[in-house]
file target.csv (CSV, C-alpha atoms and all ligand atoms)
chain,number,residue,atom,x,y,z
H,2,MET,CA,91.7,114.3,116.3
H,3,ASN,CA,94.4,116.1,118.2
H,4,SER,CA,97.9,115.4,119.4
H,5,SER,CA,96.7,113.7,122.6
H,6,SER,CA,94.5,111.2,120.7
H,7,PRO,CA,95.7,107.6,120.7
H,8,ILE,CA,97.6,105.8,118.0
H,9,GLY,CA,95.7,102.7,116.7
H,10,ILE,CA,97.8,99.7,115.7
H,11,PHE,CA,96.5,96.5,114.3
H,12,ASP,CA,97.6,93.1,113.2
H,13,SER,CA,96.1,89.6,112.8
H,14,GLY,CA,97.7,88.6,116.1
H,15,MET,CA,100.8,89.1,118.1
H,16,GLY,CA,103.1,90.0,115.2
H,17,GLY,CA,102.2,93.7,115.2
H,18,LEU,CA,103.4,93.8,118.8
H,19,THR,CA,106.9,94.0,117.3
H,20,VAL,CA,105.9,97.3,115.8
H,21,ALA,CA,104.0,98.5,118.8
H,22,HIS,CA,107.0,97.8,121.0
H,23,ALA,CA,109.3,99.8,118.7
H,24,VAL,CA,106.7,102.7,118.7
H,25,SER,CA,106.3,102.7,122.5
H,26,HIS,CA,110.1,102.8,122.7
H,27,LEU,CA,110.5,105.7,120.3
H,28,LEU,CA,107.4,107.6,121.3
H,29,PRO,CA,106.9,106.9,125.0
H,30,ASP,CA,104.4,109.8,125.4
H,31,GLU,CA,101.9,108.3,123.0
H,32,GLN,CA,99.0,106.2,124.1
H,33,LEU,CA,98.7,103.1,122.0
H,34,ILE,CA,95.5,101.1,121.3
H,35,TYR,CA,96.4,97.8,119.8
H,36,PHE,CA,94.0,95.4,118.1
H,37,GLY,CA,95.0,91.8,117.6
H,38,ASP,CA,92.5,90.0,115.4
H,39,SER,CA,93.4,86.6,117.0
H,40,ALA,CA,90.0,85.1,116.1
H,41,HIS,CA,90.8,85.4,112.4
H,42,LEU,CA,94.5,84.6,112.4
H,43,PRO,CA,96.3,83.9,110.1
H,44,TYR,CA,95.6,86.6,107.5
H,45,GLY,CA,98.4,85.5,105.2
H,46,ASP,CA,96.5,82.7,103.5
H,47,LYS,CA,93.1,84.5,103.3
H,48,SER,CA,91.8,86.3,100.2
H,49,ALA,CA,92.3,90.0,99.8
H,50,ALA,CA,88.5,90.5,100.1
H,51,THR,CA,88.4,88.7,103.5
H,52,ILE,CA,91.3,90.7,104.9
H,53,GLN,CA,89.7,93.9,103.7
H,54,ALA,CA,86.5,93.0,105.5
H,55,TYR,CA,88.4,92.3,108.8
H,56,SER,CA,90.5,95.5,108.4
H,57,ILE,CA,87.5,97.8,107.9
H,58,LYS,CA,85.8,96.3,111.0
H,59,ILE,CA,89.0,96.9,113.0
H,60,CYS,CA,89.2,100.5,111.7
H,61,ASP,CA,85.7,101.1,113.0
H,62,VAL,CA,86.8,100.1,116.4
H,63,LEU,CA,90.0,102.3,116.3
H,64,LEU,CA,88.1,105.3,114.9
H,65,GLU,CA,85.4,104.9,117.6
H,66,LYS,CA,88.2,105.2,120.1
H,67,GLY,CA,89.3,108.5,118.5
H,68,CYS,CA,92.7,107.3,117.1
H,69,LYS,CA,94.6,110.1,115.3
H,70,VAL,CA,96.5,107.6,113.2
H,71,ILE,CA,95.9,104.0,112.2
H,72,LEU,CA,99.1,102.0,111.8
H,73,ILE,CA,98.5,98.8,109.8
H,74,ALA,CA,101.1,96.6,111.6
H,75,CYS,CA,100.5,93.7,109.3
H,76,ASN,CA,102.1,93.2,105.8
H,77,SER,CA,99.2,91.1,104.6
H,78,ALA,CA,96.7,93.8,105.5
H,79,SER,CA,99.0,96.5,104.2
H,80,ALA,CA,99.2,94.6,100.9
H,81,ALA,CA,95.5,93.8,100.6
H,82,ALA,CA,93.7,96.7,102.2
H,83,TYR,CA,95.9,99.9,102.5
H,84,GLU,CA,94.2,101.8,99.7
H,85,LEU,CA,90.8,100.8,100.8
H,86,ILE,CA,91.5,101.7,104.4
H,87,LYS,CA,92.8,105.1,103.4
H,88,ALA,CA,89.7,105.8,101.3
H,89,TYR,CA,87.5,104.5,104.2
H,90,VAL,CA,89.1,106.5,106.9
H,91,GLY,CA,89.3,109.7,104.9
H,92,SER,CA,90.1,112.7,107.0
H,93,LYS,CA,89.2,111.1,110.3
H,94,ALA,CA,92.7,109.8,110.9
H,95,LEU,CA,96.1,109.4,109.2
H,96,VAL,CA,96.9,106.0,107.9
H,97,ILE,CA,100.4,104.4,107.6
H,98,ASN,CA,101.3,100.9,106.5
H,99,VAL,CA,104.4,98.7,107.2
H,100,ILE,CA,105.5,98.3,103.5
H,101,ASP,CA,106.2,101.9,102.3
H,102,PRO,CA,108.8,102.8,104.9
H,103,VAL,CA,110.7,99.5,104.2
H,104,VAL,CA,110.5,100.2,100.5
H,105,ALA,CA,112.0,103.6,101.0
H,106,TYR,CA,114.8,102.1,103.2
H,107,VAL,CA,115.7,99.5,100.6
H,108,VAL,CA,115.7,102.0,97.7
H,109,SER,CA,118.0,104.3,99.7
H,110,LYS,CA,120.5,101.5,100.3
H,111,TYR,CA,120.5,98.7,97.8
H,112,ALA,CA,120.7,100.2,94.2
H,113,GLN,CA,121.9,97.7,91.7
H,114,GLN,CA,121.9,94.9,94.2
H,115,ARG,CA,119.9,91.7,94.7
H,116,ILE,CA,117.7,91.5,97.8
H,117,GLY,CA,115.3,88.8,99.1
H,118,LEU,CA,111.8,89.0,100.6
H,119,ILE,CA,110.0,86.5,102.8
H,120,GLY,CA,106.4,86.9,103.8
H,121,THR,CA,102.9,85.4,103.9
H,122,LYS,CA,101.3,84.0,100.7
H,123,GLN,CA,99.1,87.2,100.6
H,124,THR,CA,102.1,89.6,100.8
H,125,VAL,CA,104.4,87.7,98.4
H,126,GLY,CA,101.5,86.8,96.0
H,127,SER,CA,100.4,90.5,95.8
H,128,GLY,CA,103.8,91.5,94.4
H,129,VAL,CA,103.5,94.8,96.2
H,130,TYR,CA,107.1,95.0,97.4
H,131,GLU,CA,108.5,94.2,93.9
H,132,TYR,CA,106.2,96.7,92.4
H,133,GLN,CA,106.9,99.5,94.8
H,134,ILE,CA,110.7,98.9,94.7
H,135,LYS,CA,110.9,98.6,91.0
H,136,VAL,CA,108.8,101.8,90.4
H,137,LYS,CA,111.4,103.7,92.5
H,138,ASP,CA,114.6,101.9,91.3
H,139,ALA,CA,114.4,99.3,88.5
H,140,SER,CA,118.1,98.3,89.1
H,141,ILE,CA,117.2,96.5,92.3
H,142,GLU,CA,116.6,92.7,91.8
H,143,ILE,CA,114.2,91.0,94.2
H,144,GLY,CA,113.8,87.3,94.9
H,145,SER,CA,110.6,86.5,96.9
H,146,LEU,CA,109.5,83.5,98.8
H,147,ALA,CA,106.2,82.8,100.6
H,148,THR,CA,106.9,81.2,104.0
H,149,PRO,CA,103.5,80.3,105.3
H,150,LEU,CA,104.6,77.9,108.1
H,151,LEU,CA,106.3,80.6,110.0
H,152,VAL,CA,103.3,82.5,111.4
H,153,PRO,CA,101.6,79.5,113.0
H,154,MET,CA,105.0,78.3,114.3
H,155,ILE,CA,105.7,81.7,115.9
H,156,GLU,CA,102.2,82.0,117.3
H,157,GLU,CA,102.8,78.6,118.9
H,158,GLY,CA,105.9,79.9,120.6
H,159,PHE,CA,108.3,77.8,118.5
H,160,HIS,CA,111.1,80.3,118.2
H,161,SER,CA,114.3,78.4,118.7
H,162,ASN,CA,114.1,74.7,118.8
H,163,GLU,CA,115.1,72.0,116.3
H,164,ILE,CA,111.8,72.0,114.5
H,165,SER,CA,111.7,75.8,114.0
H,166,GLU,CA,115.4,75.9,113.0
H,167,ALA,CA,114.8,73.2,110.4
H,168,ILE,CA,111.8,75.0,108.9
H,169,ILE,CA,113.6,78.3,108.8
H,170,GLU,CA,116.7,76.7,107.1
H,171,GLU,CA,114.6,74.8,104.6
H,172,TYR,CA,112.9,78.1,103.5
H,173,LEU,CA,116.1,80.2,103.4
H,174,LYS,CA,118.0,77.7,101.3
H,175,SER,CA,115.5,78.2,98.4
H,176,ASP,CA,117.3,79.3,95.2
H,177,LYS,CA,114.9,82.3,95.1
H,178,LEU,CA,116.9,83.7,97.9
H,179,ASP,CA,120.4,83.0,96.5
H,180,ASP,CA,123.1,85.7,96.5
H,181,ILE,CA,121.1,88.4,98.3
H,182,LYS,CA,122.6,91.4,100.0
H,183,ALA,CA,119.6,91.9,102.3
H,184,LEU,CA,116.5,90.0,103.3
H,185,ILE,CA,113.3,91.8,104.1
H,186,LEU,CA,111.3,90.2,106.9
H,187,GLY,CA,108.0,91.0,105.2
H,188,CYS,CA,105.8,89.9,108.0
H,189,THR,CA,105.6,91.6,111.4
H,190,HIS,CA,105.7,88.2,113.1
H,191,TYR,CA,109.2,87.5,111.8
H,192,PRO,CA,111.3,89.8,114.0
H,193,LEU,CA,110.6,87.2,116.7
H,194,ILE,CA,112.8,84.8,114.7
H,195,LYS,CA,115.3,87.4,113.5
H,196,LYS,CA,118.2,85.8,115.4
H,197,GLN,CA,117.5,82.4,113.9
H,198,VAL,CA,117.2,83.9,110.4
H,199,GLY,CA,120.5,85.8,111.0
H,200,LYS,CA,122.3,82.6,111.9
H,201,PHE,CA,121.7,81.2,108.4
H,202,TYR,CA,123.6,84.0,106.8
H,203,THR,CA,127.3,83.7,107.3
H,204,GLN,CA,128.4,86.5,104.9
H,205,ASP,CA,127.2,90.1,105.2
H,206,THR,CA,123.5,89.9,104.4
H,207,GLU,CA,121.4,92.4,106.3
H,208,VAL,CA,118.2,91.0,107.9
H,209,ILE,CA,115.7,93.9,107.6
H,210,ASP,CA,113.3,94.1,110.5
H,211,SER,CA,110.7,96.7,109.7
H,212,SER,CA,109.7,97.6,113.3
H,213,GLU,CA,112.1,100.3,113.9
H,214,ILE,CA,112.0,101.6,110.4
H,215,VAL,CA,108.2,101.9,110.7
H,216,ALA,CA,108.3,103.5,114.1
H,217,ALA,CA,110.7,106.2,112.7
H,218,ALA,CA,108.3,106.8,109.7
H,219,LEU,CA,105.4,107.1,112.1
H,220,TYR,CA,107.4,109.7,114.1
H,221,GLN,CA,108.0,111.7,111.0
H,222,LEU,CA,104.3,111.5,109.9
H,223,LEU,CA,103.1,112.7,113.3
H,224,GLU,CA,105.7,115.5,113.5
H,225,LYS,CA,104.8,116.7,110.0
H,226,ASN,CA,101.2,116.9,110.9
H,227,ASN,CA,101.8,118.5,114.3
H,228,LEU,CA,100.3,115.5,116.1
H,229,LEU,CA,103.1,114.4,118.4
H,230,ALA,CA,101.8,113.9,121.9
H,231,HIS,CA,103.7,115.6,124.7
H,232,LYS,CA,102.5,113.7,127.7
H,233,ARG,CA,100.7,110.4,128.0
H,234,SER,CA,97.8,110.6,130.4
H,235,LEU,CA,96.1,107.2,129.7
H,236,PRO,CA,97.6,103.7,129.6
H,237,ASN,CA,98.0,101.6,126.5
H,238,GLU,CA,95.1,99.4,125.6
H,239,PHE,CA,95.2,95.9,124.1
H,240,LEU,CA,92.1,94.6,122.4
H,241,VAL,CA,91.8,91.1,120.9
H,242,SER,CA,89.0,89.4,119.1
H,243,ASP,CA,89.8,86.2,120.9
H,244,ILE,CA,91.8,85.8,124.2
H,245,THR,CA,94.5,83.2,123.6
H,246,PRO,CA,97.3,82.1,125.9
H,247,SER,CA,99.9,82.7,123.2
H,248,PHE,CA,98.8,86.4,122.9
H,249,GLU,CA,99.1,86.8,126.6
H,250,ALA,CA,102.5,85.3,126.6
H,251,ALA,CA,103.6,87.6,123.7
H,252,THR,CA,102.6,90.7,125.6
H,253,VAL,CA,104.9,89.6,128.5
H,254,LEU,CA,107.7,89.0,126.0
H,255,PHE,CA,107.4,92.5,124.7
H,256,PHE,CA,106.3,94.6,127.6
H,257,GLY,CA,107.9,92.7,130.5
H,258,VAL,CA,104.6,92.4,132.4
H,259,LYS,CA,101.3,90.6,131.7
H,260,VAL,CA,99.2,93.2,129.9
H,261,PRO,CA,95.5,93.2,130.6
H,262,LEU,CA,93.7,92.1,127.4
H,263,THR,CA,90.1,93.2,126.5
H,264,LEU,CA,88.0,90.9,124.4
H,265,HIS,CA,86.4,92.8,121.5
H,266,LYS,CA,84.6,90.6,119.0
H,267,LEU,CA,84.4,92.0,115.5
H,268,TRP,CA,81.1,90.2,114.9
H,269,GLU,CA,78.6,89.2,117.6
H,301,LIG,N1,101.9,89.7,110.9
H,301,LIG,C1,101.1,89.7,109.7
H,301,LIG,C2,101.9,90.1,108.5
H,301,LIG,O1,102.7,91.0,108.7
H,301,LIG,C3,100.1,88.6,109.5
H,301,LIG,C4,100.5,87.2,109.4
H,301,LIG,C5,99.3,86.4,109.3
H,301,LIG,O2,98.3,86.6,110.0
H,301,LIG,O3,99.3,85.5,108.4
H,301,LIG,O4,101.7,89.7,107.4

call {"tool": "encode", "arguments": {"input": "target.csv", "output": "structure tokens"}}
result
Amino acid sequence: MNSSSPIGIFDSGMGGLTVAHAVSHLLPDEQLIYFGDSAHLPYGDKSAATIQAYSIKICDVLLEKGCKVILIACNSASAAAYELIKAYVGSKALVINVIDPVVAYVVSKYAQQRIGLIGTKQTVGSGVYEYQIKVKDASIEIGSLATPLLVPMIEEGFHSNEISEAIIEEYLKSDKLDDIKALILGCTHYPLIKKQVGKFYTQDTEVIDSSEIVAAALYQLLEKNNLLAHKRSLPNEFLVSDITPSFEAATVLFFGVKVPLTLHKLWE
């Protein structure tokens, strides 16, 4: 790998595009290779073993393409497969997940306060956010809630209508999320409903969207390893394990134009 090698980013579907978009904004000279595992979406209600198997297959694709870093732009895969991916990838590429940068951010800002987390069943059930935060600062209290209806809703393009607002409100009024100073959007799909989530909180509760925090952490990682690209020669690539209209629509939403998608099945 060298500085002109691409950055590999993956998620179960379109959610990781929120991170890819932030990365392309902060690091416009980098070539991105995005893999959306739309054939196996959602990851959030699958077992850790299944998510690990998908993640390793995707890493093979990204390594084959010569990626210098693999960004796991999915909280569920970060929770279930980060350690395995790191061991598997070894010295072939750097690996970064979407949880650690957010943990660092929360720890730097919310000592002795109560914060909330919403995410998939996998992410919330793994307890990884609580564990990582408590190890660094035991004074922070965390209330977590799995919100499994949100990913299918977002993938269906239900962002701001009566149904999506009712579902979001029903989740957010859970007593697990009472009296919080900040809410972690612990799923990379959720920045797409950040505005709707923000509407629920009248007093000053910060809605933490990981995309920019993760993009900044990626910048630092590349800089530290002397791997920042200086000029992009090749266009970004978007690979999907199933071509779906919702994924195509999402690329328009983020990148302003219809992005050509390449079908790449993980298993024939
Ligand atoms: N966007 C992903 C996450 O951050 C995956 C959601 C899913 O596929 O359930 O967890």

call {"tool": "residues_near_ligand", "arguments": {"input": "target.csv", "ligand": "ligand LIG 301 (chain H)", "cutoff": "7 Å", "atoms": "only C-alpha atoms and all ligand atoms", "output": "PyMOL selection string"}}
result
chain H and resi 12-14+16-17+42-46+74-78+120-121+124+152+187-190

call {"tool": "closest_residue", "arguments": {"input": "target.csv", "among": "H:Lys182, H:Lys259, H:Lys135, H:His41", "to": "Tyr111 of chain H", "atoms": "all atoms listed in the file"}}
result
H:Lys182

call {"tool": "closest_residue", "arguments": {"input": "target.csv", "among": "H:Glu65, H:Glu269, H:Glu249, H:Asp101", "to": "Lys137 of chain H", "atoms": "all atoms listed in the file"}}
result
H:Asp101

call {"tool": "residues_near_point", "arguments": {"input": "target.csv", "point": "(98.5, 112.1, 129.3)", "cutoff": "12 Å", "atoms": "all atoms listed in the file", "output": "JSON, numbers by chain"}}
result
{"H": [4, 5, 6, 7, 29, 30, 31, 32, 33, 230, 231, 232, 233, 234, 235, 236, 237]}

call {"tool": "residues_around", "arguments": {"input": "target.csv", "residues": "Ser140 of chain H", "least_positions_apart": "3", "cutoff": "10 Å", "atoms": "all atoms listed in the file", "output": "PDB file with C-alpha atoms, in the frame of the given file"}}
result
ATOM      1  CA  VAL H 108     115.700 102.000  97.700  1.00  0.00           C
ATOM      2  CA  TYR H 111     120.500  98.700  97.800  1.00  0.00           C
ATOM      3  CA  ALA H 112     120.700 100.200  94.200  1.00  0.00           C
ATOM      4  CA  GLN H 113     121.900  97.700  91.700  1.00  0.00           C
ATOM      5  CA  GLN H 114     121.900  94.900  94.200  1.00  0.00           C
ATOM      6  CA  ARG H 115     119.900  91.700  94.700  1.00  0.00           C
ATOM      7  CA  ILE H 134     110.700  98.900  94.700  1.00  0.00           C
ATOM      8  CA  LYS H 135     110.900  98.600  91.000  1.00  0.00           C
ATOM      9  CA  LYS H 137     111.400 103.700  92.500  1.00  0.00           C
ATOM     10  CA  ILE H 143     114.200  91.000  94.200  1.00  0.00           C
TER      11      ILE H 143
END

call {"tool": "atom_distance", "arguments": {"input": "target.csv", "atom1": "atom CA of Phe11 of chain H", "atom2": "atom CA of Gly126 of chain H"}}
result
21.3 Å

call {"tool": "closest_residue", "arguments": {"input": "target.csv", "among": "H:Leu85, H:Ala40, H:Leu178, H:Ile119", "to": "His265 of chain H", "atoms": "only C-alpha atoms"}}
result
H:Ala40

call {"tool": "atom_distance", "arguments": {"input": "target.csv", "atom1": "atom CA of Glu131 of chain H", "atom2": "atom CA of Tyr172 of chain H"}}
result
19.3 Å

call {"tool": "atom_distance", "arguments": {"input": "target.csv", "atom1": "atom CA of Val90 of chain H", "atom2": "atom CA of Leu72 of chain H"}}
result
12.0 Å

call {"tool": "residues_around", "arguments": {"input": "target.csv", "residues": "Ser79 of chain H", "least_positions_apart": "6", "cutoff": "8 Å", "atoms": "only C-alpha atoms", "output": "ChimeraX atom specification"}}
result
/H:73,98-100

call {"tool": "closest_atom_pairs", "arguments": {"input": "target.csv", "of": "segment 9-93 of chain H", "to": "segment 213-227 of chain H", "cutoff": "8 Å", "atoms": "all atoms listed in the file", "output": "CSV"}}
result
residue,atom,partner,partner_atom,distance
H:Val20,CA,H:Ala216,CA,6.9
H:Ala23,CA,H:Glu213,CA,5.6
H:Val24,CA,H:Ala216,CA,4.9
H:Leu27,CA,H:Ala216,CA,6.9
H:Leu28,CA,H:Tyr220,CA,7.5

call {"tool": "closest_residue", "arguments": {"input": "target.csv", "among": "H:Gly91, H:Gly117, H:Gly128, H:Pro102", "to": "Ser145 of chain H", "atoms": "all atoms listed in the file"}}
result
H:Gly117

call {"tool": "residues_near_point", "arguments": {"input": "target.csv", "point": "(89.3, 90.0, 126.4)", "cutoff": "10 Å", "atoms": "only C-alpha atoms", "output": "VMD selection string"}}
result
chain H and resid 239 to 245 261 to 266

call {"tool": "residues_around", "arguments": {"input": "target.csv", "residues": "Lys196 of chain H", "least_positions_apart": "5", "cutoff": "10 Å", "atoms": "only C-alpha atoms", "output": "PyMOL selection string"}}
result
chain H and resi 160-161+191+201+208

call {"tool": "closest_residue", "arguments": {"input": "target.csv", "among": "H:Phe159, H:Phe36, H:Tyr202, H:Tyr55", "to": "Ile181 of chain H", "atoms": "all atoms listed in the file"}}
result
H:Tyr202

call {"tool": "closest_residue", "arguments": {"input": "target.csv", "among": "H:Ala94, H:Leu228, H:Met15, H:Ile8", "to": "Pro246 of chain H", "atoms": "all atoms listed in the file"}}
result
H:Met15

call {"tool": "residues_around", "arguments": {"input": "target.csv", "residues": "Leu173 of chain H", "least_positions_apart": "3", "cutoff": "12 Å", "atoms": "all atoms listed in the file", "output": "JSON list (two decimals) with C-alpha atoms, keeping the file's coordinate frame"}}
result
[["chain", "number", "residue", "atom", "x", "y", "z"],
["H", 117, "GLY", "CA", 115.30, 88.80, 99.10],
["H", 118, "LEU", "CA", 111.80, 89.00, 100.60],
["H", 119, "ILE", "CA", 110.00, 86.50, 102.80],
["H", 120, "GLY", "CA", 106.40, 86.90, 103.80],
["H", 144, "GLY", "CA", 113.80, 87.30, 94.90],
["H", 145, "SER", "CA", 110.60, 86.50, 96.90],
["H", 146, "LEU", "CA", 109.50, 83.50, 98.80],
["H", 147, "ALA", "CA", 106.20, 82.80, 100.60],
["H", 148, "THR", "CA", 106.90, 81.20, 104.00],
["H", 151, "LEU", "CA", 106.30, 80.60, 110.00],
["H", 166, "GLU", "CA", 115.40, 75.90, 113.00],
["H", 167, "ALA", "CA", 114.80, 73.20, 110.40],
["H", 168, "ILE", "CA", 111.80, 75.00, 108.90],
["H", 169, "ILE", "CA", 113.60, 78.30, 108.80],
["H", 170, "GLU", "CA", 116.70, 76.70, 107.10],
["H", 176, "ASP", "CA", 117.30, 79.30, 95.20],
["H", 177, "LYS", "CA", 114.90, 82.30, 95.10],
["H", 178, "LEU", "CA", 116.90, 83.70, 97.90],
["H", 179, "ASP", "CA", 120.40, 83.00, 96.50],
["H", 180, "ASP", "CA", 123.10, 85.70, 96.50],
["H", 181, "ILE", "CA", 121.10, 88.40, 98.30],
["H", 184, "LEU", "CA", 116.50, 90.00, 103.30],
["H", 185, "ILE", "CA", 113.30, 91.80, 104.10],
["H", 186, "LEU", "CA", 111.30, 90.20, 106.90],
["H", 197, "GLN", "CA", 117.50, 82.40, 113.90],
["H", 198, "VAL", "CA", 117.20, 83.90, 110.40],
["H", 199, "GLY", "CA", 120.50, 85.80, 111.00],
["H", 200, "LYS", "CA", 122.30, 82.60, 111.90],
["H", 201, "PHE", "CA", 121.70, 81.20, 108.40],
["H", 202, "TYR", "CA", 123.60, 84.00, 106.80],
["H", 208, "VAL", "CA", 118.20, 91.00, 107.90]]

call {"tool": "build_atoms", "arguments": {"input": "target.csv", "residues": "segment 169-185 of chain H", "atoms": "N, CA, C and O atoms", "output": "PDB file, in the frame of the given file"}}
result
ATOM      1  N   ILE H 169     113.017  77.027 109.211  1.00  0.00           N
ATOM      2  CA  ILE H 169     113.600  78.300 108.800  1.00  0.00           C
ATOM      3  C   ILE H 169     114.716  78.001 107.715  1.00  0.00           C
ATOM      4  O   ILE H 169     114.769  78.597 106.639  1.00  0.00           O
ATOM      5  N   GLU H 170     115.564  77.024 108.007  1.00  0.00           N
ATOM      6  CA  GLU H 170     116.700  76.700 107.100  1.00  0.00           C
ATOM      7  C   GLU H 170     116.147  76.212 105.748  1.00  0.00           C
ATOM      8  O   GLU H 170     116.645  76.613 104.691  1.00  0.00           O
ATOM      9  N   GLU H 171     115.135  75.363 105.805  1.00  0.00           N
ATOM     10  CA  GLU H 171     114.600  74.800 104.600  1.00  0.00           C
ATOM     11  C   GLU H 171     114.070  75.953 103.669  1.00  0.00           C
ATOM     12  O   GLU H 171     114.305  75.951 102.466  1.00  0.00           O
ATOM     13  N   TYR H 172     113.410  76.914 104.277  1.00  0.00           N
ATOM     14  CA  TYR H 172     112.900  78.100 103.500  1.00  0.00           C
ATOM     15  C   TYR H 172     114.096  78.893 102.944  1.00  0.00           C
ATOM     16  O   TYR H 172     114.139  79.227 101.771  1.00  0.00           O
ATOM     17  N   LEU H 173     115.033  79.213 103.829  1.00  0.00           N
ATOM     18  CA  LEU H 173     116.100  80.200 103.400  1.00  0.00           C
ATOM     19  C   LEU H 173     117.041  79.607 102.396  1.00  0.00           C
ATOM     20  O   LEU H 173     117.698  80.359 101.679  1.00  0.00           O
ATOM     21  N   LYS H 174     117.109  78.262 102.290  1.00  0.00           N
ATOM     22  CA  LYS H 174     118.000  77.700 101.300  1.00  0.00           C
ATOM     23  C   LYS H 174     117.403  77.667  99.894  1.00  0.00           C
ATOM     24  O   LYS H 174     118.050  77.227  98.943  1.00  0.00           O
ATOM     25  N   SER H 175     116.181  78.155  99.749  1.00  0.00           N
ATOM     26  CA  SER H 175     115.500  78.200  98.400  1.00  0.00           C
ATOM     27  C   SER H 175     116.395  79.026  97.453  1.00  0.00           C
ATOM     28  O   SER H 175     116.966  80.055  97.828  1.00  0.00           O
ATOM     29  N   ASP H 176     116.450  78.553  96.199  1.00  0.00           N
ATOM     30  CA  ASP H 176     117.300  79.300  95.200  1.00  0.00           C
ATOM     31  C   ASP H 176     116.710  80.688  94.923  1.00  0.00           C
ATOM     32  O   ASP H 176     117.403  81.561  94.413  1.00  0.00           O
ATOM     33  N   LYS H 177     115.443  80.902  95.293  1.00  0.00           N
ATOM     34  CA  LYS H 177     114.900  82.300  95.100  1.00  0.00           C
ATOM     35  C   LYS H 177     115.610  83.278  95.966  1.00  0.00           C
ATOM     36  O   LYS H 177     115.551  84.477  95.710  1.00  0.00           O
ATOM     37  N   LEU H 178     116.253  82.799  97.020  1.00  0.00           N
ATOM     38  CA  LEU H 178     116.900  83.700  97.900  1.00  0.00           C
ATOM     39  C   LEU H 178     118.454  83.658  97.807  1.00  0.00           C
ATOM     40  O   LEU H 178     119.173  84.145  98.680  1.00  0.00           O
ATOM     41  N   ASP H 179     118.930  83.089  96.685  1.00  0.00           N
ATOM     42  CA  ASP H 179     120.400  83.000  96.500  1.00  0.00           C
ATOM     43  C   ASP H 179     121.007  84.372  96.279  1.00  0.00           C
ATOM     44  O   ASP H 179     120.383  85.254  95.663  1.00  0.00           O
ATOM     45  N   ASP H 180     122.215  84.522  96.758  1.00  0.00           N
ATOM     46  CA  ASP H 180     123.100  85.700  96.500  1.00  0.00           C
ATOM     47  C   ASP H 180     122.410  87.039  96.849  1.00  0.00           C
ATOM     48  O   ASP H 180     122.513  88.009  96.090  1.00  0.00           O
ATOM     49  N   ILE H 181     121.736  87.102  97.963  1.00  0.00           N
ATOM     50  CA  ILE H 181     121.100  88.400  98.300  1.00  0.00           C
ATOM     51  C   ILE H 181     121.942  89.183  99.288  1.00  0.00           C
ATOM     52  O   ILE H 181     122.642  88.633 100.118  1.00  0.00           O
ATOM     53  N   LYS H 182     121.845  90.490  99.145  1.00  0.00           N
ATOM     54  CA  LYS H 182     122.600  91.400 100.000  1.00  0.00           C
ATOM     55  C   LYS H 182     121.802  91.752 101.270  1.00  0.00           C
ATOM     56  O   LYS H 182     122.324  92.249 102.263  1.00  0.00           O
ATOM     57  N   ALA H 183     120.467  91.573 101.166  1.00  0.00           N
ATOM     58  CA  ALA H 183     119.600  91.900 102.300  1.00  0.00           C
ATOM     59  C   ALA H 183     118.355  91.016 102.196  1.00  0.00           C
ATOM     60  O   ALA H 183     117.971  90.622 101.088  1.00  0.00           O
ATOM     61  N   LEU H 184     117.757  90.719 103.337  1.00  0.00           N
ATOM     62  CA  LEU H 184     116.500  90.000 103.300  1.00  0.00           C
ATOM     63  C   LEU H 184     115.453  90.767 104.085  1.00  0.00           C
ATOM     64  O   LEU H 184     115.642  91.095 105.266  1.00  0.00           O
ATOM     65  N   ILE H 185     114.353  91.092 103.401  1.00  0.00           N
ATOM     66  CA  ILE H 185     113.300  91.800 104.100  1.00  0.00           C
ATOM     67  C   ILE H 185     112.425  90.779 104.843  1.00  0.00           C
ATOM     68  O   ILE H 185     111.933  89.813 104.259  1.00  0.00           O
TER      69      ILE H 185
END
